[in-house]
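Note: the block below is input.pdb and it holds PDB, C-alpha atoms, pLDDT in the B column.
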MODEL        1
ATOM      1  CA  MET A 180      86.217 -68.416 -78.749  1.00 88.00           C
ATOM      2  CA  LYS A 181      86.571 -69.948 -75.324  1.00 96.00           C
ATOM      3  CA  LYS A 182      83.407 -70.456 -73.317  1.00 97.00           C
ATOM      4  CA  THR A 183      82.458 -70.130 -69.700  1.00 98.00           C
ATOM      5  CA  THR A 184      79.135 -70.535 -67.966  1.00 98.00           C
ATOM      6  CA  ARG A 185      76.659 -68.333 -66.204  1.00 97.00           C
ATOM      7  CA  ILE A 186      73.643 -69.205 -64.154  1.00 98.00           C
ATOM      8  CA  ILE A 187      70.254 -67.915 -65.223  1.00 98.00           C
ATOM      9  CA  PRO A 188      68.435 -67.541 -61.887  1.00 98.00           C
ATOM     10  CA  ALA A 189      65.028 -68.960 -61.043  1.00 98.00           C
ATOM     11  CA  HIS A 190      63.644 -65.394 -61.000  1.00 98.00           C
ATOM     12  CA  LYS A 191      64.520 -64.322 -64.501  1.00 98.00           C
ATOM     13  CA  ASN A 192      65.077 -60.935 -66.096  1.00 98.00           C
ATOM     14  CA  ILE A 193      62.765 -61.053 -69.102  1.00 98.00           C
ATOM     15  CA  ALA A 194      62.765 -58.550 -71.962  1.00 98.00           C
ATOM     16  CA  LEU A 195      59.423 -57.956 -73.692  1.00 98.00           C
ATOM     17  CA  VAL A 196      59.602 -56.328 -77.122  1.00 97.00           C
ATOM     18  CA  ALA A 197      57.166 -55.976 -80.030  1.00 96.00           C
ATOM     19  CA  HIS A 198      57.030 -54.100 -83.281  1.00 93.00           C
ATOM     20  CA  ASP A 199      53.999 -51.860 -83.753  1.00 92.00           C
ATOM     21  CA  HIS A 200      51.817 -54.363 -85.651  1.00 93.00           C
ATOM     22  CA  TYR A 201      52.588 -57.032 -83.026  1.00 96.00           C
ATOM     23  CA  LYS A 202      52.002 -55.043 -79.839  1.00 97.00           C
ATOM     24  CA  PRO A 203      48.369 -56.268 -79.557  1.00 97.00           C
ATOM     25  CA  GLU A 204      49.575 -59.851 -79.986  1.00 97.00           C
ATOM     26  CA  LEU A 205      52.237 -59.473 -77.285  1.00 98.00           C
ATOM     27  CA  LEU A 206      49.699 -57.773 -75.001  1.00 98.00           C
ATOM     28  CA  ARG A 207      47.328 -60.706 -75.453  1.00 98.00           C
ATOM     29  CA  TRP A 208      50.163 -63.168 -74.726  1.00 98.00           C
ATOM     30  CA  VAL A 209      51.248 -61.257 -71.606  1.00 98.00           C
ATOM     31  CA  LYS A 210      47.659 -61.171 -70.297  1.00 98.00           C
ATOM     32  CA  GLU A 211      47.360 -64.924 -70.881  1.00 98.00           C
ATOM     33  CA  ASN A 212      50.635 -65.532 -69.027  1.00 98.00           C
ATOM     34  CA  LYS A 213      50.389 -62.825 -66.378  1.00 98.00           C
ATOM     35  CA  ASP A 214      50.536 -65.255 -63.447  1.00 97.00           C
ATOM     36  CA  ALA A 215      53.694 -66.901 -64.791  1.00 97.00           C
ATOM     37  CA  LEU A 216      55.340 -63.547 -65.515  1.00 98.00           C
ATOM     38  CA  GLN A 217      54.630 -62.008 -62.085  1.00 96.00           C
ATOM     39  CA  GLY A 218      57.426 -63.980 -60.451  1.00 92.00           C
ATOM     40  CA  HIS A 219      60.068 -62.493 -62.746  1.00 98.00           C
ATOM     41  CA  PHE A 220      61.677 -59.106 -63.410  1.00 98.00           C
ATOM     42  CA  LEU A 221      60.317 -57.569 -66.604  1.00 98.00           C
ATOM     43  CA  PHE A 222      61.897 -55.086 -68.989  1.00 98.00           C
ATOM     44  CA  GLY A 223      60.439 -53.558 -72.125  1.00 97.00           C
ATOM     45  CA  THR A 224      61.388 -51.126 -74.798  1.00 94.00           C
ATOM     46  CA  GLY A 225      59.595 -47.808 -74.331  1.00 94.00           C
ATOM     47  CA  THR A 226      56.209 -47.961 -75.980  1.00 94.00           C
ATOM     48  CA  THR A 227      55.792 -51.699 -75.497  1.00 96.00           C
ATOM     49  CA  GLY A 228      56.852 -51.669 -71.844  1.00 97.00           C
ATOM     50  CA  ASN A 229      54.561 -48.782 -70.961  1.00 97.00           C
ATOM     51  CA  LEU A 230      51.611 -50.280 -72.849  1.00 98.00           C
ATOM     52  CA  LEU A 231      52.034 -53.686 -71.188  1.00 98.00           C
ATOM     53  CA  SER A 232      52.415 -52.186 -67.732  1.00 98.00           C
ATOM     54  CA  ARG A 233      49.360 -49.953 -68.133  1.00 98.00           C
ATOM     55  CA  GLU A 234      47.156 -52.724 -69.539  1.00 98.00           C
ATOM     56  CA  THR A 235      48.222 -55.544 -67.195  1.00 98.00           C
ATOM     57  CA  GLY A 236      49.349 -53.838 -63.990  1.00 98.00           C
ATOM     58  CA  LEU A 237      52.661 -55.714 -64.145  1.00 98.00           C
ATOM     59  CA  ALA A 238      55.798 -53.928 -62.986  1.00 98.00           C
ATOM     60  CA  ILE A 239      57.861 -53.430 -66.139  1.00 98.00           C
ATOM     61  CA  LYS A 240      61.031 -51.363 -66.325  1.00 98.00           C
ATOM     62  CA  SER A 241      60.614 -49.412 -69.536  1.00 97.00           C
ATOM     63  CA  LEU A 242      63.667 -48.404 -71.526  1.00 98.00           C
ATOM     64  CA  LEU A 243      63.641 -45.923 -74.382  1.00 96.00           C
ATOM     65  CA  SER A 244      61.492 -46.652 -77.414  1.00 93.00           C
ATOM     66  CA  GLY A 245      63.248 -49.052 -79.808  1.00 88.00           C
ATOM     67  CA  PRO A 246      63.865 -46.516 -82.587  1.00 88.00           C
ATOM     68  CA  MET A 247      65.084 -43.959 -80.023  1.00 92.00           C
ATOM     69  CA  GLY A 248      67.767 -46.256 -78.609  1.00 93.00           C
ATOM     70  CA  GLY A 249      65.803 -48.816 -76.588  1.00 95.00           C
ATOM     71  CA  ASP A 250      66.974 -51.731 -78.731  1.00 94.00           C
ATOM     72  CA  GLN A 251      70.558 -50.683 -78.061  1.00 95.00           C
ATOM     73  CA  GLN A 252      69.882 -50.257 -74.332  1.00 97.00           C
ATOM     74  CA  LEU A 253      68.478 -53.762 -74.256  1.00 97.00           C
ATOM     75  CA  GLY A 254      71.496 -55.066 -76.162  1.00 97.00           C
ATOM     76  CA  ALA A 255      73.786 -53.466 -73.576  1.00 98.00           C
ATOM     77  CA  LEU A 256      71.847 -55.150 -70.753  1.00 98.00           C
ATOM     78  CA  ILE A 257      72.209 -58.486 -72.542  1.00 98.00           C
ATOM     79  CA  SER A 258      75.968 -57.927 -72.914  1.00 97.00           C
ATOM     80  CA  GLU A 259      76.191 -57.197 -69.192  1.00 97.00           C
ATOM     81  CA  GLY A 260      74.381 -60.429 -68.299  1.00 97.00           C
ATOM     82  CA  LYS A 261      71.352 -58.529 -66.981  1.00 98.00           C
ATOM     83  CA  ILE A 262      68.768 -60.063 -69.335  1.00 98.00           C
ATOM     84  CA  ASP A 263      68.122 -63.791 -69.106  1.00 98.00           C
ATOM     85  CA  MET A 264      65.605 -64.252 -71.918  1.00 98.00           C
ATOM     86  CA  MET A 265      63.723 -62.190 -74.469  1.00 98.00           C
ATOM     87  CA  ILE A 266      60.237 -62.376 -75.931  1.00 98.00           C
ATOM     88  CA  PHE A 267      60.376 -60.364 -79.163  1.00 98.00           C
ATOM     89  CA  PHE A 268      57.297 -60.363 -81.367  1.00 97.00           C
ATOM     90  CA  TRP A 269      58.875 -58.831 -84.455  1.00 91.00           C
ATOM     91  CA  ASP A 270      57.169 -58.024 -87.715  1.00 89.00           C
ATOM     92  CA  PRO A 271      58.638 -60.112 -90.543  1.00 88.00           C
ATOM     93  CA  LEU A 272      56.408 -58.524 -93.204  1.00 88.00           C
ATOM     94  CA  ASN A 273      56.984 -54.806 -92.648  1.00 85.00           C
ATOM     95  CA  ALA A 274      60.279 -52.954 -92.709  1.00 80.00           C
ATOM     96  CA  VAL A 275      61.053 -50.774 -89.707  1.00 80.00           C
ATOM     97  CA  PRO A 276      63.307 -47.715 -89.863  1.00 80.00           C
ATOM     98  CA  HIS A 277      65.464 -49.030 -87.027  1.00 81.00           C
ATOM     99  CA  ASP A 278      66.054 -52.420 -88.692  1.00 87.00           C
ATOM    100  CA  PRO A 279      69.853 -52.222 -88.133  1.00 91.00           C
ATOM    101  CA  ASP A 280      69.195 -51.836 -84.383  1.00 91.00           C
ATOM    102  CA  VAL A 281      66.849 -54.839 -84.411  1.00 91.00           C
ATOM    103  CA  LYS A 282      69.443 -56.969 -86.195  1.00 93.00           C
ATOM    104  CA  ALA A 283      72.105 -55.832 -83.729  1.00 96.00           C
ATOM    105  CA  LEU A 284      69.824 -56.762 -80.801  1.00 96.00           C
ATOM    106  CA  LEU A 285      69.174 -60.229 -82.199  1.00 96.00           C
ATOM    107  CA  ARG A 286      72.886 -60.657 -82.956  1.00 98.00           C
ATOM    108  CA  ILE A 287      73.959 -59.738 -79.423  1.00 98.00           C
ATOM    109  CA  ALA A 288      71.310 -62.052 -77.944  1.00 98.00           C
ATOM    110  CA  THR A 289      72.800 -64.845 -80.034  1.00 98.00           C
ATOM    111  CA  VAL A 290      76.391 -63.961 -79.068  1.00 98.00           C
ATOM    112  CA  TRP A 291      75.512 -64.151 -75.358  1.00 98.00           C
ATOM    113  CA  ASN A 292      73.319 -67.264 -75.790  1.00 98.00           C
ATOM    114  CA  VAL A 293      70.156 -65.577 -74.506  1.00 98.00           C
ATOM    115  CA  PRO A 294      66.991 -67.562 -75.267  1.00 98.00           C
ATOM    116  CA  VAL A 295      64.723 -65.613 -77.619  1.00 98.00           C
ATOM    117  CA  ALA A 296      61.101 -66.361 -78.497  1.00 98.00           C
ATOM    118  CA  MET A 297      59.899 -64.607 -81.646  1.00 97.00           C
ATOM    119  CA  ASN A 298      56.304 -65.775 -81.895  1.00 96.00           C
ATOM    120  CA  ARG A 299      53.441 -67.123 -79.773  1.00 96.00           C
ATOM    121  CA  ALA A 300      54.465 -70.758 -80.215  1.00 97.00           C
ATOM    122  CA  SER A 301      58.062 -70.294 -79.081  1.00 98.00           C
ATOM    123  CA  ALA A 302      56.974 -67.942 -76.274  1.00 98.00           C
ATOM    124  CA  LYS A 303      54.495 -70.562 -75.050  1.00 97.00           C
ATOM    125  CA  LEU A 304      57.164 -73.265 -75.065  1.00 97.00           C
ATOM    126  CA  MET A 305      59.526 -70.997 -73.182  1.00 98.00           C
ATOM    127  CA  ILE A 306      57.075 -69.798 -70.511  1.00 97.00           C
ATOM    128  CA  THR A 307      55.723 -73.305 -69.830  1.00 97.00           C
ATOM    129  CA  SER A 308      59.148 -74.927 -69.595  1.00 97.00           C
ATOM    130  CA  PRO A 309      60.115 -76.307 -66.162  1.00 97.00           C
ATOM    131  CA  ASN A 310      63.277 -74.207 -66.581  1.00 97.00           C
ATOM    132  CA  MET A 311      61.224 -71.025 -66.128  1.00 97.00           C
ATOM    133  CA  THR A 312      61.196 -71.507 -62.360  1.00 96.00           C
ATOM    134  CA  GLN A 313      64.618 -73.102 -61.935  1.00 98.00           C
ATOM    135  CA  GLU A 314      68.209 -72.028 -62.185  1.00 98.00           C
ATOM    136  CA  VAL A 315      69.665 -72.884 -65.579  1.00 98.00           C
ATOM    137  CA  GLU A 316      73.327 -73.001 -66.540  1.00 98.00           C
ATOM    138  CA  ILE A 317      74.203 -71.690 -70.002  1.00 98.00           C
ATOM    139  CA  GLU A 318      77.444 -71.290 -71.912  1.00 98.00           C
ATOM    140  CA  ILE A 319      78.557 -67.790 -72.791  1.00 98.00           C
ATOM    141  CA  PRO A 320      81.700 -66.330 -74.342  1.00 97.00           C
ATOM    142  CA  ASP A 321      84.595 -66.135 -71.896  1.00 97.00           C
ATOM    143  CA  TYR A 322      85.206 -62.420 -72.214  1.00 95.00           C
ATOM    144  CA  ASP A 323      88.082 -62.420 -69.711  1.00 94.00           C
ATOM    145  CA  ALA A 324      89.954 -65.022 -71.791  1.00 95.00           C
ATOM    146  CA  TYR A 325      89.095 -63.095 -74.969  1.00 92.00           C
ATOM    147  CA  LEU A 326      90.517 -59.912 -73.486  1.00 93.00           C
ATOM    148  CA  ALA A 327      93.613 -61.647 -72.076  1.00 93.00           C
ATOM    149  CA  GLU A 328      94.493 -62.953 -75.550  1.00 93.00           C
ATOM    150  CA  ARG A 329      94.458 -59.421 -76.933  1.00 91.00           C
ATOM    151  CA  LEU A 330      96.443 -57.644 -74.210  1.00 91.00           C
TER     152      LEU A 330
ENDMDL
END

Using the file provided, produce a representation of the structure as structure tokens.
Amino acid sequence: MKKTTRIIPAHKNIALVAHDHYKPELLRWVKENKDALQGHFLFGTGTTGNLLSRETGLAIKSLLSGPMGGDQQLGALISEGKIDMMIFFWDPLNAVPHDPDVKALLRIATVWNVPVAMNRASAKLMITSPNMTQEVEIEIPDYDAYLAERL
């Protein structure tokens, strides 16, 4: 597939997602990084977004709960170029009923080259990177060229 580029702005659109057993861990991480997160636009799937907003006072746009369609909403935002990075503390040891939605979300993040942190270590590296406060150019699929080849 042909590629093009897009600019991730200095003020990023960050998705915050956690499975049930990892919500306390994400909450702890968000509290530890509240100052760094305040300069960005935050999104969360339903329960996680509301919990984080209530506990930290951060403005977080909450989507539907993951199992109720929030993972798919987030995937759509990624496809539209409206999410710049995702922090997703997922539970690798417990199956979730909406596992196909989770896999689809991770797949679409990979397709659109969205940086994803899936644990505290990768989230720390991401949030402390100098790129967090700068514009960053990334490669993405050239959808216009893809469509032109098929029409």

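When all atoms listed in the file are used to compute distances to Gly236 (chain A), the closest of the residues A:Lys202, A:Arg299, A:Lys210, A:Lys282 turns out to be A:Lys210.
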
Which residues fall under the PyMOL selection byres ((chain A and resi 237) around 9) in this file, as an NGL selection string? :A and (213 or 216-217 or 221 or 231-236 or 238-239)

Could you tell me how far CA of Gly218 (chain A) sits from CA of Met297 (chain A), in Å to one decimal place?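 Taking CA of Met297 (chain A) and CA of Gly218 (chain A), their separation equals 21.3 Å.
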
Hey, what's within 6 Å of region 243-249 of chain A if we count all atoms listed in the file and toss same-chain stuff fewer than 6 positions away? As number ranges by chain, please? A: 224-226, 277

Give as a PyMOL selection string the residues that the PyMOL selection byres ((chain A and resi 182) around 8) matches when applied to the coordinates above. chain A and resi 180-181+183-184+318-321

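If you measure from each of A:Ala324, A:Leu206, A:Ala189, A:Val293 to Met264 (chain A) using all atoms listed in the file, the closest one turns out to be A:Val293.
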
Nearest to Glu204 (chain A), restricted to all atoms listed in the file and choosing among A:Trp269, A:Leu284, A:Phe222, A:Leu330, comes out as A:Trp269

Pairwise distance for CA of Ser301 (chain A) and CA of Ala215 (chain A), rounded to one decimal in Å: 15.3 Å

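The gap separating CA of His198 (chain A) from CA of Ser258 (chain A) is 21.9 Å, in Å to one decimal.
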
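With all atoms listed in the file as the atoms that count, the minimum distance from Asn292 (chain A) to the choices A:Met265, A:Leu326, A:Leu230, A:Met305 is reached by A:Met265.
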
Coordinates of region 276-297 of chain A, N, CA and C atoms, as a PDB file, in the first residue's frame:
ATOM      1  N   PRO A 276     -15.323 -10.473  27.272  1.00  0.00           N
ATOM      2  CA  PRO A 276     -16.342 -10.868  26.301  1.00  0.00           C
ATOM      3  C   PRO A 276     -16.254 -10.097  24.985  1.00  0.00           C
ATOM      4  N   HIS A 277     -15.669  -8.916  25.021  1.00  0.00           N
ATOM      5  CA  HIS A 277     -15.574  -8.110  23.806  1.00  0.00           C
ATOM      6  C   HIS A 277     -14.178  -8.201  23.185  1.00  0.00           C
ATOM      7  N   ASP A 278     -13.522  -9.366  23.369  1.00  0.00           N
ATOM      8  CA  ASP A 278     -12.175  -9.567  22.837  1.00  0.00           C
ATOM      9  C   ASP A 278     -12.068  -9.282  21.338  1.00  0.00           C
ATOM     10  N   PRO A 279     -13.049  -9.649  20.506  1.00  0.00           N
ATOM     11  CA  PRO A 279     -12.945  -9.302  19.079  1.00  0.00           C
ATOM     12  C   PRO A 279     -12.876  -7.785  18.851  1.00  0.00           C
ATOM     13  N   ASP A 280     -13.580  -7.012  19.674  1.00  0.00           N
ATOM     14  CA  ASP A 280     -13.537  -5.550  19.553  1.00  0.00           C
ATOM     15  C   ASP A 280     -12.160  -5.022  19.939  1.00  0.00           C
ATOM     16  N   VAL A 281     -11.578  -5.608  20.982  1.00  0.00           N
ATOM     17  CA  VAL A 281     -10.245  -5.194  21.438  1.00  0.00           C
ATOM     18  C   VAL A 281      -9.220  -5.472  20.346  1.00  0.00           C
ATOM     19  N   LYS A 282      -9.288  -6.661  19.757  1.00  0.00           N
ATOM     20  CA  LYS A 282      -8.360  -7.005  18.679  1.00  0.00           C
ATOM     21  C   LYS A 282      -8.547  -6.073  17.487  1.00  0.00           C
ATOM     22  N   ALA A 283      -9.788  -5.745  17.174  1.00  0.00           N
ATOM     23  CA  ALA A 283     -10.052  -4.826  16.062  1.00  0.00           C
ATOM     24  C   ALA A 283      -9.480  -3.441  16.360  1.00  0.00           C
ATOM     25  N   LEU A 284      -9.606  -2.983  17.606  1.00  0.00           N
ATOM     26  CA  LEU A 284      -9.054  -1.682  17.999  1.00  0.00           C
ATOM     27  C   LEU A 284      -7.537  -1.671  17.857  1.00  0.00           C
ATOM     28  N   LEU A 285      -6.886  -2.709  18.339  1.00  0.00           N
ATOM     29  CA  LEU A 285      -5.428  -2.778  18.227  1.00  0.00           C
ATOM     30  C   LEU A 285      -4.998  -2.912  16.767  1.00  0.00           C
ATOM     31  N   ARG A 286      -5.778  -3.630  15.970  1.00  0.00           N
ATOM     32  CA  ARG A 286      -5.461  -3.770  14.546  1.00  0.00           C
ATOM     33  C   ARG A 286      -5.562  -2.425  13.838  1.00  0.00           C
ATOM     34  N   ILE A 287      -6.618  -1.674  14.097  1.00  0.00           N
ATOM     35  CA  ILE A 287      -6.803  -0.399  13.401  1.00  0.00           C
ATOM     36  C   ILE A 287      -5.763   0.622  13.856  1.00  0.00           C
ATOM     37  N   ALA A 288      -5.349   0.553  15.125  1.00  0.00           N
ATOM     38  CA  ALA A 288      -4.271   1.430  15.591  1.00  0.00           C
ATOM     39  C   ALA A 288      -2.977   1.110  14.849  1.00  0.00           C
ATOM     40  N   THR A 289      -2.744  -0.157  14.588  1.00  0.00           N
ATOM     41  CA  THR A 289      -1.553  -0.559  13.846  1.00  0.00           C
ATOM     42  C   THR A 289      -1.654  -0.135  12.387  1.00  0.00           C
ATOM     43  N   VAL A 290      -2.807  -0.332  11.767  1.00  0.00           N
ATOM     44  CA  VAL A 290      -3.003   0.078  10.367  1.00  0.00           C
ATOM     45  C   VAL A 290      -2.681   1.555  10.189  1.00  0.00           C
ATOM     46  N   TRP A 291      -3.155   2.396  11.110  1.00  0.00           N
ATOM     47  CA  TRP A 291      -2.994   3.847  10.978  1.00  0.00           C
ATOM     48  C   TRP A 291      -1.755   4.363  11.719  1.00  0.00           C
ATOM     49  N   ASN A 292      -0.881   3.449  12.153  1.00  0.00           N
ATOM     50  CA  ASN A 292       0.419   3.799  12.721  1.00  0.00           C
ATOM     51  C   ASN A 292       0.304   4.696  13.952  1.00  0.00           C
ATOM     52  N   VAL A 293      -0.703   4.424  14.776  1.00  0.00           N
ATOM     53  CA  VAL A 293      -0.909   5.185  16.010  1.00  0.00           C
ATOM     54  C   VAL A 293      -0.064   4.567  17.115  1.00  0.00           C
ATOM     55  N   PRO A 294       0.773   5.343  17.788  1.00  0.00           N
ATOM     56  CA  PRO A 294       1.552   4.800  18.895  1.00  0.00           C
ATOM     57  C   PRO A 294       0.638   4.301  20.013  1.00  0.00           C
ATOM     58  N   VAL A 295       0.939   3.106  20.510  1.00  0.00           N
ATOM     59  CA  VAL A 295       0.134   2.486  21.562  1.00  0.00           C
ATOM     60  C   VAL A 295       1.061   2.015  22.675  1.00  0.00           C
ATOM     61  N   ALA A 296       0.750   2.437  23.903  1.00  0.00           N
ATOM     62  CA  ALA A 296       1.449   1.929  25.086  1.00  0.00           C
ATOM     63  C   ALA A 296       0.501   0.959  25.778  1.00  0.00           C
ATOM     64  N   MET A 297       1.015  -0.231  26.129  1.00  0.00           N
ATOM     65  CA  MET A 297       0.139  -1.242  26.720  1.00  0.00           C
ATOM     66  C   MET A 297       0.506  -1.616  28.143  1.00  0.00           C
TER      67      MET A 297
END
